[in-house]
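Next up, model-v2.cif (mmCIF, C-alpha atoms (C1' of nucleotides)):
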```
data_model
loop_
_atom_site.label_atom_id
_atom_site.label_comp_id
_atom_site.auth_asym_id
_atom_site.auth_seq_id
_atom_site.Cartn_x
_atom_site.Cartn_y
_atom_site.Cartn_z
CA MET A 1 1.90 62.87 -1.07
CA ALA A 2 -1.23 64.37 -2.47
CA TYR A 3 0.39 64.85 -5.81
CA GLN A 4 -2.75 65.97 -7.61
CA SER A 5 -3.24 69.04 -5.53
CA GLU A 6 0.36 70.20 -5.45
CA SER A 7 -0.02 72.38 -8.49
CA LEU A 8 -3.12 74.14 -7.22
CA ILE A 9 -1.62 74.71 -3.80
CA ALA A 10 1.57 76.00 -5.35
CA GLN A 11 -0.46 78.42 -7.45
CA ALA A 12 -2.27 79.70 -4.40
CA ARG A 13 0.99 80.14 -2.55
CA GLU A 14 2.56 82.02 -5.43
CA ILE A 15 -0.36 84.36 -5.60
CA ARG A 16 -0.34 84.91 -1.87
CA GLU A 17 3.35 85.75 -1.92
CA ALA A 18 3.01 87.89 -5.02
CA SER A 19 0.31 89.86 -3.23
CA GLY A 20 2.54 90.37 -0.24
CA VAL A 21 0.08 88.73 2.15
CA SER A 22 1.44 86.84 5.15
CA GLN A 23 0.10 83.50 6.30
CA ARG A 24 -1.35 85.20 9.35
CA ALA A 25 -3.08 87.94 7.40
CA LEU A 26 -4.47 85.38 5.03
CA SER A 27 -5.57 83.16 7.88
CA GLU A 28 -7.73 85.95 9.26
CA ARG A 29 -9.34 86.70 5.94
CA ALA A 30 -9.88 83.05 5.11
CA GLY A 31 -11.05 81.94 8.52
CA LEU A 32 -8.37 79.26 8.86
CA THR A 33 -5.46 79.28 11.25
CA GLN A 34 -1.95 80.27 10.31
CA SER A 35 -0.72 76.88 11.42
CA HIS A 36 -3.06 75.28 8.98
CA ILE A 37 -1.89 77.38 6.09
CA SER A 38 1.71 76.67 6.93
CA GLN A 39 1.17 72.93 6.81
CA ILE A 40 -0.84 73.10 3.64
CA GLU A 41 1.68 75.20 1.78
CA SER A 42 4.62 73.12 2.92
CA GLY A 43 2.89 69.95 1.77
CA LYS A 44 2.82 68.42 5.25
CA MET A 45 -0.88 67.87 4.90
CA GLU A 46 -3.63 68.26 2.49
CA PRO A 47 -6.55 70.64 2.88
CA GLY A 48 -10.18 69.72 2.70
CA LEU A 49 -12.03 71.06 -0.29
CA SER A 50 -13.76 73.74 1.76
CA SER A 51 -10.57 74.87 3.41
CA PHE A 52 -8.98 75.23 0.03
CA ILE A 53 -11.92 77.19 -1.28
CA ASP A 54 -11.79 79.52 1.71
CA LEU A 55 -8.11 80.04 1.10
CA THR A 56 -8.47 80.88 -2.54
CA ARG A 57 -11.51 83.10 -2.06
CA ALA A 58 -9.48 85.17 0.36
CA LEU A 59 -7.01 85.58 -2.48
CA ASP A 60 -9.69 86.73 -4.88
CA LEU A 61 -9.66 83.47 -6.73
CA GLU A 62 -12.44 81.08 -7.57
CA VAL A 63 -12.22 77.32 -7.84
CA MET A 64 -13.89 76.21 -11.03
CA LEU A 65 -14.61 72.99 -12.86
CA VAL A 66 -13.52 73.12 -16.48
CA PRO A 67 -13.91 70.41 -19.13
CA LYS A 68 -10.46 69.10 -19.99
CA LYS A 69 -10.79 70.17 -23.59
CA LEU A 70 -11.35 73.75 -22.52
CA VAL A 71 -8.40 73.96 -20.16
CA PRO A 72 -5.98 75.49 -22.68
CA ALA A 73 -8.54 78.08 -23.70
CA VAL A 74 -9.14 79.05 -20.09
CA LEU A 75 -5.43 79.17 -19.44
CA ASN A 76 -5.09 81.54 -22.37
CA LEU A 77 -7.80 83.72 -20.97
CA VAL A 78 -6.35 83.78 -17.50
CA LYS A 79 -2.75 84.20 -18.48
CA ALA A 80 -3.17 86.61 -21.37
CA ARG A 81 -5.32 89.24 -19.74
CA ALA A 82 -4.32 88.62 -16.16
CA THR A 83 -0.72 89.50 -16.80
CA ARG A 84 -1.33 92.29 -19.25
CA ASP A 85 -2.90 94.67 -16.77
CA MET A 86 -3.74 93.16 -13.44
CA HIS A 87 -7.42 93.97 -13.47
CA ILE A 88 -9.75 92.15 -15.73
CA HIS A 89 -13.34 92.83 -16.41
CA ALA A 90 -15.36 89.94 -17.56
CA GLY A 91 -17.64 88.87 -20.30
CA GLN A 92 -21.02 88.73 -18.75
CA PRO A 93 -21.53 92.03 -16.95
CA ASN A 94 -20.52 93.87 -20.07
CA ASP A 95 -22.64 91.76 -22.28
CA LYS A 96 -25.73 93.70 -21.37
CA ARG A 97 -23.98 96.89 -22.31
CA PHE A 98 -23.08 95.47 -25.68
CA ALA A 99 -26.57 94.18 -26.23
CA ARG A 100 -28.00 97.58 -25.49
CA ALA A 101 -25.55 99.26 -27.83
CA ASP A 102 -26.44 96.76 -30.49
CA ARG A 103 -30.12 97.56 -30.16
CA LEU A 104 -29.33 101.25 -30.30
CA VAL A 105 -27.45 100.91 -33.56
CA LYS A 106 -30.19 98.84 -35.10
CA LYS A 107 -32.73 101.43 -34.06
CA MET A 108 -30.66 104.21 -35.60
CA LYS A 109 -30.34 102.28 -38.82
CA HIS A 110 -34.06 101.86 -38.87
CA LEU A 111 -34.87 105.48 -38.10
CA TYR A 112 -32.28 107.37 -40.08
CA GLY A 113 -31.40 104.76 -42.67
CA SER A 114 -28.43 102.47 -42.93
CA SER A 115 -24.97 103.94 -43.38
CA ALA A 116 -21.49 102.55 -43.83
CA ASP A 117 -20.50 103.94 -40.46
CA LEU A 118 -23.39 102.38 -38.62
CA ASP A 119 -22.67 99.08 -40.29
CA ARG A 120 -19.09 99.35 -39.22
CA ILE A 121 -20.08 100.12 -35.64
CA GLU A 122 -22.47 97.24 -35.50
CA ASP A 123 -19.91 94.88 -36.89
CA THR A 124 -17.11 96.07 -34.67
CA LEU A 125 -19.22 95.86 -31.55
CA GLY A 126 -20.03 92.30 -32.50
CA PHE A 127 -16.35 91.60 -32.53
CA LEU A 128 -15.43 93.44 -29.36
CA ARG A 129 -18.18 91.66 -27.54
CA ARG A 130 -16.46 88.38 -28.27
CA VAL A 131 -12.90 88.94 -27.29
CA ASN A 132 -12.03 89.67 -23.71
CA LEU A 133 -11.08 93.25 -23.25
CA SER A 134 -8.83 94.79 -20.66
CA ASP A 135 -10.20 97.41 -18.29
CA GLN A 136 -8.75 100.20 -20.35
CA GLU A 137 -10.15 98.84 -23.55
CA MET A 138 -13.56 98.32 -22.02
CA GLN A 139 -13.60 101.83 -20.67
CA LEU A 140 -12.92 103.20 -24.12
CA VAL A 141 -15.79 101.17 -25.50
CA ARG A 142 -18.05 102.45 -22.76
CA GLU A 143 -17.19 106.03 -23.55
CA LEU A 144 -17.83 105.54 -27.23
CA ILE A 145 -21.19 103.93 -26.58
CA THR A 146 -22.16 106.76 -24.27
CA ARG A 147 -21.25 109.26 -26.94
CA LEU A 148 -23.34 107.41 -29.44
CA GLU A 149 -26.32 107.46 -27.12
CA ARG A 150 -25.95 111.16 -26.53
CA TYR A 151 -25.61 112.20 -30.15
CA GLN A 152 -27.96 109.72 -31.72
CA ALA A 153 -30.70 112.26 -32.38
CA SER A 154 -28.51 115.30 -32.74
CA ALA A 155 -28.62 117.42 -35.86
CA GLN A 156 -25.01 116.79 -36.78
CA ALA A 157 -24.82 113.18 -35.72
CA ALA A 158 -23.09 112.01 -38.88
CA PRO A 159 -19.55 113.22 -38.13
CA VAL A 160 -19.79 112.00 -34.56
CA VAL A 161 -20.95 108.60 -35.70
CA ARG A 162 -18.10 108.45 -38.14
CA ASP A 163 -15.63 109.31 -35.44
CA ILE A 164 -17.04 106.62 -33.16
CA ALA A 165 -16.86 104.09 -35.96
CA GLN A 166 -13.25 104.97 -36.56
CA ASN A 167 -12.35 104.71 -32.92
CA LEU A 168 -13.99 101.35 -32.54
CA GLN A 169 -12.31 100.08 -35.69
CA GLN A 170 -8.98 101.27 -34.42
CA LEU A 171 -9.44 99.41 -31.16
CA ARG A 172 -10.50 96.34 -33.08
CA ASN A 173 -7.42 96.48 -35.25
CA SER A 174 -5.10 96.89 -32.33
CA ILE A 175 -6.55 93.73 -30.86
CA VAL A 176 -6.69 91.67 -34.02
CA HIS A 177 -3.16 92.41 -35.06
CA ALA A 178 -1.52 92.01 -31.70
CA ALA A 179 0.13 88.63 -31.30
CA PRO A 180 -2.11 86.87 -28.82
CA SER A 181 -0.51 83.88 -27.16
CA GLU A 182 2.69 84.23 -25.26
CA PRO A 183 5.26 81.43 -25.41
CA ARG A 184 3.71 79.28 -22.71
CA PRO A 185 1.65 79.67 -19.57
CA ALA A 186 3.60 79.34 -16.36
CA TYR A 187 1.07 76.87 -15.05
CA SER A 188 1.88 73.33 -15.91
CA LEU A 189 -1.44 71.47 -16.16
CA ASP A 190 -1.60 68.85 -18.85
CA ASP A 191 -3.34 69.93 -22.04
CA GLY A 192 -4.32 66.54 -23.34
CA ASP A 193 -4.97 66.61 -27.06
CA ALA A 194 -2.78 67.90 -29.82
CA ASP A 195 -4.72 68.40 -33.02
CA ALA A 196 -7.16 66.05 -34.76
CA MET B 1 -22.25 72.22 6.41
CA ALA B 2 -19.45 72.88 4.00
CA TYR B 3 -21.49 75.45 2.19
CA GLN B 4 -18.68 76.69 -0.02
CA SER B 5 -18.16 73.43 -1.79
CA GLU B 6 -21.78 72.52 -2.31
CA SER B 7 -21.96 74.11 -5.70
CA LEU B 8 -18.85 72.37 -6.99
CA ILE B 9 -19.96 69.01 -5.68
CA ALA B 10 -23.41 69.49 -7.15
CA GLN B 11 -21.81 70.28 -10.49
CA ALA B 12 -19.74 67.13 -10.35
CA ARG B 13 -22.78 65.08 -9.46
CA GLU B 14 -24.82 66.54 -12.30
CA ILE B 15 -22.10 65.75 -14.75
CA ARG B 16 -21.71 62.23 -13.44
CA GLU B 17 -25.42 61.61 -13.78
CA ALA B 18 -25.60 63.27 -17.16
CA SER B 19 -22.84 60.95 -18.31
CA GLY B 20 -24.72 57.93 -17.05
CA VAL B 21 -21.90 56.84 -14.78
CA SER B 22 -22.78 55.07 -11.54
CA GLN B 23 -21.07 55.84 -8.25
CA ARG B 24 -19.39 52.45 -8.38
CA ALA B 25 -18.11 52.89 -11.90
CA LEU B 26 -16.83 56.31 -11.00
CA SER B 27 -15.24 55.02 -7.84
CA GLU B 28 -13.14 52.60 -9.85
CA ARG B 29 -11.99 55.21 -12.30
CA ALA B 30 -11.28 57.75 -9.59
CA GLY B 31 -9.63 55.42 -7.14
CA LEU B 32 -12.04 56.24 -4.33
CA THR B 33 -14.64 53.97 -2.82
CA GLN B 34 -18.28 54.07 -3.74
CA SER B 35 -19.16 54.70 -0.11
CA HIS B 36 -17.01 57.75 -0.16
CA ILE B 37 -18.68 59.16 -3.23
CA SER B 38 -22.10 58.54 -1.78
CA GLN B 39 -21.32 60.53 1.35
CA ILE B 40 -19.72 63.32 -0.58
CA GLU B 41 -22.58 63.71 -3.01
CA SER B 42 -25.23 63.57 -0.31
CA GLY B 43 -23.43 66.24 1.68
CA LYS B 44 -22.87 64.00 4.67
CA MET B 45 -19.20 64.82 4.56
CA GLU B 46 -16.79 66.93 2.74
CA PRO B 47 -14.02 65.57 0.52
CA GLY B 48 -10.36 66.40 0.79
CA LEU B 49 -8.99 68.47 -2.03
CA SER B 50 -7.22 65.49 -3.58
CA SER B 51 -10.28 63.28 -3.38
CA PHE B 52 -12.27 65.93 -5.16
CA ILE B 53 -9.63 66.32 -7.83
CA ASP B 54 -9.57 62.57 -8.38
CA LEU B 55 -13.32 62.58 -8.71
CA THR B 56 -13.45 65.36 -11.23
CA ARG B 57 -10.55 64.07 -13.28
CA ALA B 58 -12.40 60.82 -13.69
CA LEU B 59 -15.22 62.89 -15.14
CA ASP B 60 -12.92 64.60 -17.62
CA LEU B 61 -12.97 67.81 -15.66
CA GLU B 62 -10.16 69.90 -14.34
CA VAL B 63 -10.13 71.95 -11.15
CA MET B 64 -8.79 75.38 -11.95
CA LEU B 65 -8.08 78.60 -10.10
CA VAL B 66 -9.60 81.60 -11.82
CA PRO B 67 -9.35 85.24 -10.78
CA LYS B 68 -12.76 86.39 -9.59
CA LYS B 69 -12.99 89.00 -12.30
CA LEU B 70 -12.59 86.36 -14.97
CA VAL B 71 -15.20 83.97 -13.65
CA PRO B 72 -18.05 85.21 -15.87
CA ALA B 73 -15.83 85.06 -18.92
CA VAL B 74 -14.85 81.48 -18.14
CA LEU B 75 -18.46 80.56 -17.49
CA ASN B 76 -19.33 81.95 -20.88
CA LEU B 77 -16.63 79.89 -22.46
CA VAL B 78 -17.64 76.71 -20.71
CA LYS B 79 -21.36 77.07 -21.10
CA ALA B 80 -21.50 78.58 -24.56
CA ARG B 81 -19.29 76.18 -26.46
CA ALA B 82 -19.68 73.16 -24.25
CA THR B 83 -23.38 72.93 -24.87
CA ARG B 84 -23.35 73.99 -28.48
CA ASP B 85 -21.61 70.90 -29.75
CA MET B 86 -20.18 68.66 -27.14
CA HIS B 87 -16.60 68.66 -28.34
CA ILE B 88 -14.54 71.70 -27.95
CA HIS B 89 -11.17 72.35 -29.32
CA ALA B 90 -9.16 74.79 -27.40
CA GLY B 91 -7.24 77.94 -27.94
CA GLN B 92 -3.70 76.82 -27.76
CA PRO B 93 -3.36 73.84 -30.07
CA ASN B 94 -4.89 75.76 -32.94
CA ASP B 95 -2.85 78.80 -32.27
CA LYS B 96 0.09 77.34 -34.09
CA ARG B 97 -2.05 76.72 -37.10
CA PHE B 98 -3.23 80.29 -37.12
CA ALA B 99 0.28 81.59 -36.66
CA ARG B 100 1.46 79.54 -39.63
CA ALA B 101 -1.41 80.77 -41.76
CA ASP B 102 -0.62 84.30 -40.75
CA ARG B 103 2.99 83.89 -41.85
CA LEU B 104 1.84 82.39 -45.13
CA VAL B 105 -0.39 85.35 -45.91
CA LYS B 106 2.34 87.80 -45.06
CA LYS B 107 4.73 85.92 -47.30
CA MET B 108 2.25 85.97 -50.18
CA LYS B 109 1.71 89.68 -49.75
CA HIS B 110 5.44 90.15 -49.89
CA LEU B 111 5.98 87.97 -52.94
CA TYR B 112 2.98 88.76 -55.09
CA GLY B 113 2.04 92.12 -53.74
CA SER B 114 -0.71 93.16 -51.39
CA SER B 115 -4.32 92.68 -52.43
CA ALA B 116 -7.67 93.44 -50.90
CA ASP B 117 -8.38 89.73 -50.59
CA LEU B 118 -5.15 88.96 -48.81
CA ASP B 119 -5.76 91.85 -46.45
CA ARG B 120 -9.18 90.51 -45.75
CA ILE B 121 -7.85 87.04 -45.08
CA GLU B 122 -5.20 88.32 -42.74
CA ASP B 123 -7.70 90.41 -40.86
CA THR B 124 -10.29 87.70 -40.62
CA LEU B 125 -7.79 85.14 -39.41
CA GLY B 126 -6.78 87.59 -36.71
CA PHE B 127 -10.36 87.64 -35.60
CA LEU B 128 -11.05 83.93 -35.81
CA ARG B 129 -7.95 83.26 -33.82
CA ARG B 130 -9.45 85.20 -30.96
CA VAL B 131 -12.88 83.81 -30.55
CA ASN B 132 -13.38 80.23 -29.55
CA LEU B 133 -14.59 78.17 -32.43
CA SER B 134 -16.63 75.03 -32.42
CA ASP B 135 -15.23 71.90 -33.97
CA GLN B 136 -17.18 72.43 -37.14
CA GLU B 137 -16.06 75.99 -37.47
CA MET B 138 -12.47 75.09 -36.83
CA GLN B 139 -12.58 72.36 -39.41
CA LEU B 140 -13.80 74.83 -41.99
CA VAL B 141 -10.94 77.14 -41.15
CA ARG B 142 -8.49 74.29 -41.46
CA GLU B 143 -9.77 73.39 -44.90
CA LEU B 144 -9.55 76.95 -46.08
CA ILE B 145 -6.00 77.31 -44.83
CA THR B 146 -5.03 74.08 -46.52
CA ARG B 147 -6.49 75.33 -49.77
CA LEU B 148 -4.56 78.55 -49.46
CA GLU B 149 -1.34 76.65 -48.93
CA ARG B 150 -1.98 74.48 -51.95
CA TYR B 151 -2.87 77.25 -54.37
CA GLN B 152 -0.52 79.92 -53.15
CA ALA B 153 1.88 79.63 -56.07
CA SER B 154 -0.59 78.48 -58.67
CA ALA B 155 -1.06 80.41 -61.91
CA GLN B 156 -4.69 81.24 -61.22
CA ALA B 157 -4.38 81.80 -57.50
CA ALA B 158 -6.37 85.02 -57.55
CA PRO B 159 -9.91 83.58 -57.82
CA VAL B 160 -9.12 80.92 -55.25
CA VAL B 161 -7.76 83.49 -52.85
CA ARG B 162 -10.87 85.56 -53.36
CA ASP B 163 -13.07 82.59 -52.64
CA ILE B 164 -11.14 81.78 -49.47
CA ALA B 165 -11.42 85.37 -48.34
CA GLN B 166 -15.15 85.28 -48.88
CA ASN B 167 -15.57 82.04 -47.01
CA LEU B 168 -13.60 83.29 -44.05
CA GLN B 169 -15.54 86.52 -44.00
CA GLN B 170 -18.77 84.62 -44.09
CA LEU B 171 -17.76 82.52 -41.12
CA ARG B 172 -16.66 85.63 -39.30
CA ASN B 173 -19.98 87.31 -39.94
CA SER B 174 -21.95 84.34 -38.77
CA ILE B 175 -20.05 84.47 -35.51
CA VAL B 176 -20.12 88.21 -35.00
CA HIS B 177 -23.81 88.55 -35.64
CA ALA B 178 -24.98 85.58 -33.62
CA ALA B 179 -26.16 86.55 -30.17
CA PRO B 180 -23.54 85.09 -27.89
CA SER B 181 -24.67 84.84 -24.29
CA GLU B 182 -27.66 82.76 -23.36
CA PRO B 183 -29.98 83.95 -20.59
CA ARG B 184 -27.99 82.57 -17.72
CA PRO B 185 -25.64 79.71 -16.98
CA ALA B 186 -27.19 76.86 -15.07
CA TYR B 187 -24.32 76.95 -12.62
CA SER B 188 -24.94 79.25 -9.74
CA LEU B 189 -21.51 80.46 -8.65
CA ASP B 190 -21.63 83.99 -7.33
CA ASP B 191 -20.16 86.55 -9.67
CA GLY B 192 -19.29 89.20 -7.13
CA ASP B 193 -18.91 92.51 -8.97
CA ALA B 194 -21.48 94.20 -11.12
CA ASP B 195 -19.91 96.85 -13.29
CA ALA B 196 -17.58 99.73 -12.32
"C1'" DC C 1 -48.56 38.46 -5.94
"C1'" DT C 2 -44.33 36.96 -4.00
"C1'" DA C 3 -39.58 35.77 -4.24
"C1'" DT C 4 -35.20 36.56 -6.10
"C1'" DT C 5 -31.55 38.66 -8.34
"C1'" DA C 6 -28.79 42.46 -9.65
"C1'" DG C 7 -27.63 47.14 -9.78
"C1'" DA C 8 -27.71 51.12 -7.52
"C1'" DT C 9 -27.03 54.16 -3.22
"C1'" DA C 10 -26.77 54.59 1.80
"C1'" DT C 11 -25.00 53.36 6.59
"C1'" DA C 12 -21.70 51.54 10.67
"C1'" DG C 13 -17.59 51.42 12.85
"C1'" DA C 14 -12.47 51.25 12.80
"C1'" DA C 15 -8.24 53.44 11.07
"C1'" DT C 16 -6.32 57.50 9.53
"C1'" DA C 17 -5.69 62.28 8.58
"C1'" DA C 18 -7.00 67.18 8.88
"C1'" DT C 19 -7.75 71.16 11.88
"C1'" DG C 20 -7.38 74.33 16.00
"C1'" DT C 21 -4.73 75.98 20.22
"C1'" DA C 22 -0.63 77.07 21.94
"C1'" DT C 23 4.15 77.49 21.49
"C1'" DC C 24 8.73 77.80 19.54
"C1'" DG C 25 12.70 79.40 16.49
"C1'" DT C 26 14.15 83.15 13.22
"C1'" DT C 27 14.70 87.32 11.31
"C1'" DC C 28 14.38 92.12 11.07
"C1'" DC C 29 14.22 96.62 12.93
"C1'" DA C 30 14.26 99.94 16.75
"C1'" DT D 1 18.55 93.68 23.82
"C1'" DG D 2 13.59 93.81 23.11
"C1'" DG D 3 9.80 93.05 20.49
"C1'" DA D 4 7.18 92.32 16.57
"C1'" DA D 5 6.06 89.77 12.53
"C1'" DC D 6 6.66 85.58 10.04
"C1'" DG D 7 6.67 80.71 9.37
"C1'" DA D 8 7.12 75.99 11.62
"C1'" DT D 9 5.98 72.43 15.19
"C1'" DA D 10 3.40 69.45 19.17
"C1'" DC D 11 -0.53 67.72 20.74
"C1'" DA D 12 -5.67 67.35 21.46
"C1'" DT D 13 -9.96 67.30 18.90
"C1'" DT D 14 -12.62 66.48 15.24
"C1'" DA D 15 -13.54 64.88 10.69
"C1'" DT D 16 -12.12 62.04 6.68
"C1'" DT D 17 -11.80 57.76 4.38
"C1'" DC D 18 -11.89 52.76 3.99
"C1'" DT D 19 -13.89 47.90 4.69
"C1'" DA D 20 -17.98 45.69 5.10
"C1'" DT D 21 -22.81 45.51 5.19
"C1'" DA D 22 -27.44 47.21 4.72
"C1'" DT D 23 -31.27 49.39 2.12
"C1'" DC D 24 -33.67 50.56 -1.91
"C1'" DT D 25 -35.48 49.99 -6.62
"C1'" DA D 26 -36.52 47.65 -10.74
"C1'" DA D 27 -36.85 43.59 -13.40
"C1'" DT D 28 -37.71 38.68 -13.95
"C1'" DA D 29 -39.04 33.93 -12.59
"C1'" DG D 30 -42.00 31.00 -10.03
#
```
Same coordinates, now as structure tokens:
Amino acid sequence: MAYQSESLIAQAREIREASGVSQRALSERAGLTQSHISQIESGKMEPGLSSFIDLTRALDLEVMLVPKKLVPAVLNLVKARATRDMHIHAGQPNDKRFARADRLVKKMKHLYGSSADLDRIEDTLGFLRRVNLSDQEMQLVRELITRLERYQASAQAAPVVRDIAQNLQQLRNSIVHAAPSEPRPAYSLDDGDADA
Amino acid sequence: MAYQSESLIAQAREIREASGVSQRALSERAGLTQSHISQIESGKMEPGLSSFIDLTRALDLEVMLVPKKLVPAVLNLVKARATRDMHIHAGQPNDKRFARADRLVKKMKHLYGSSADLDRIEDTLGFLRRVNLSDQEMQLVRELITRLERYQASAQAAPVVRDIAQNLQQLRNSIVHAAPSEPRPAYSLDDGDADA
DNA sequence: CTATTAGATATAGAATAATGTATCGTTCCA
DNA sequence: TGGAACGATACATTATTCTATATCTAATAG
């Protein structure tokens, strides 16, 4: 019974097992009892919404409502980056960083005049801000931005700016030309519409 | 009580009301009783996981598990595109189209030799494939790809290819240079981590 | 202004199912 | 063999969900 929730519960179980967490350990973190978790996972009963949320939070997961049309996109996001290198940084916290960098570049263009390199940096940042970057990738971006801030007023800024532009472009290219979507997400979850 | 699920239930309620669906109408579509929905929405009791899934499915929503780190990114996706123009196409169904277009460009480069325009098309498609496009934007891309397919072997392909490259670039620019994230999503949902 | 109807949401009480406590059966390792 | 960790089970308690009915609001007729 409870066919709708099977998939979600199975996902949670997989993640628990993949993390090497026992039902007991999880029960302590989640505030449920081990007995409860056992019955839920084995399908003998069905959890209340709150119980399920507690469970998943203890596994570092969040229950979210997603419009059906967006489900494949979200699956892409989750699967693609989640498997590539375990830790994923997000869009929003970094957005401020990007916005600040964007303002910096615009200011530099205004003060010292526009240049091909600055244009390239501005453009590339606009791109990188859109796609979801891995931790490594984001760290590289952070470093480059920091460098730009440091050397912005320096006497020999030009070669540094060029180098930053090149590095950003390189990162951009590596992302654009990598094949994005793997064969299929492991999750089942109906996708709904085909084309249009 | 049931503090964890309040946010999710509130979201569902908002969406029901925004859609102009009554509790009774929803109860029929979801297979629950109106009484049930009333108590759930007013916080007098807490739904089972399956009941909640039934509810949300009837509202064209899907309950998904998202790694905490990805929550802001998913919120961006949902909020940004969902409000911009109601209908959202997803990542996966269009991926095939992009992949086919990519193969086409590579084939043309192989047959007729590489050109700046073809390079630009290939690059831009790589970008557009990444970001999530609105319906309008995606339709434009579709048209351009269709045109490319039609004129690929034509005698005067060159000017057409150039025009397609320009159009794609233009679309790309409009996306890259538009400020992406609005002030804040209406949804509360804790985000957890700040930076790193 | 009152009465009535219809559509909505809220409430009452019975039936059913989830949840906690305590315990049991296995397996693995000392 | 002992014990320690894991997952499963039994039963008491509490909460859910359903059927049926009540309340509320707005609109219309008398």
For this file, the PyMOL selection byres ((chain D) within 9 of (chain B)) selects which residues, as a PyMOL selection string? chain D and resi 15-18
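Taking only C-alpha atoms into account, chain A lies nearest to B:Arg129 out of the set B:Arg147, B:Arg103, B:Arg129, B:Lys44.
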Expansion of the PyMOL selection byres ((chain D and resi 1-9) around 8) into residues, as a PyMOL selection string: (chain A and resi 22-23+35+38) or (chain C and resi 24) or (chain D and resi 10)
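The interatomic distance for the pair CA of Met64 (chain B) and CA of Ser19 (chain A) works out to 19.2 Å.
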Pull out every residue of chain C that has at least one atom within 10 Å of chain B, counting all atoms listed in the file, and report them as a ChimeraX atom specification. /C:7-11,17-18
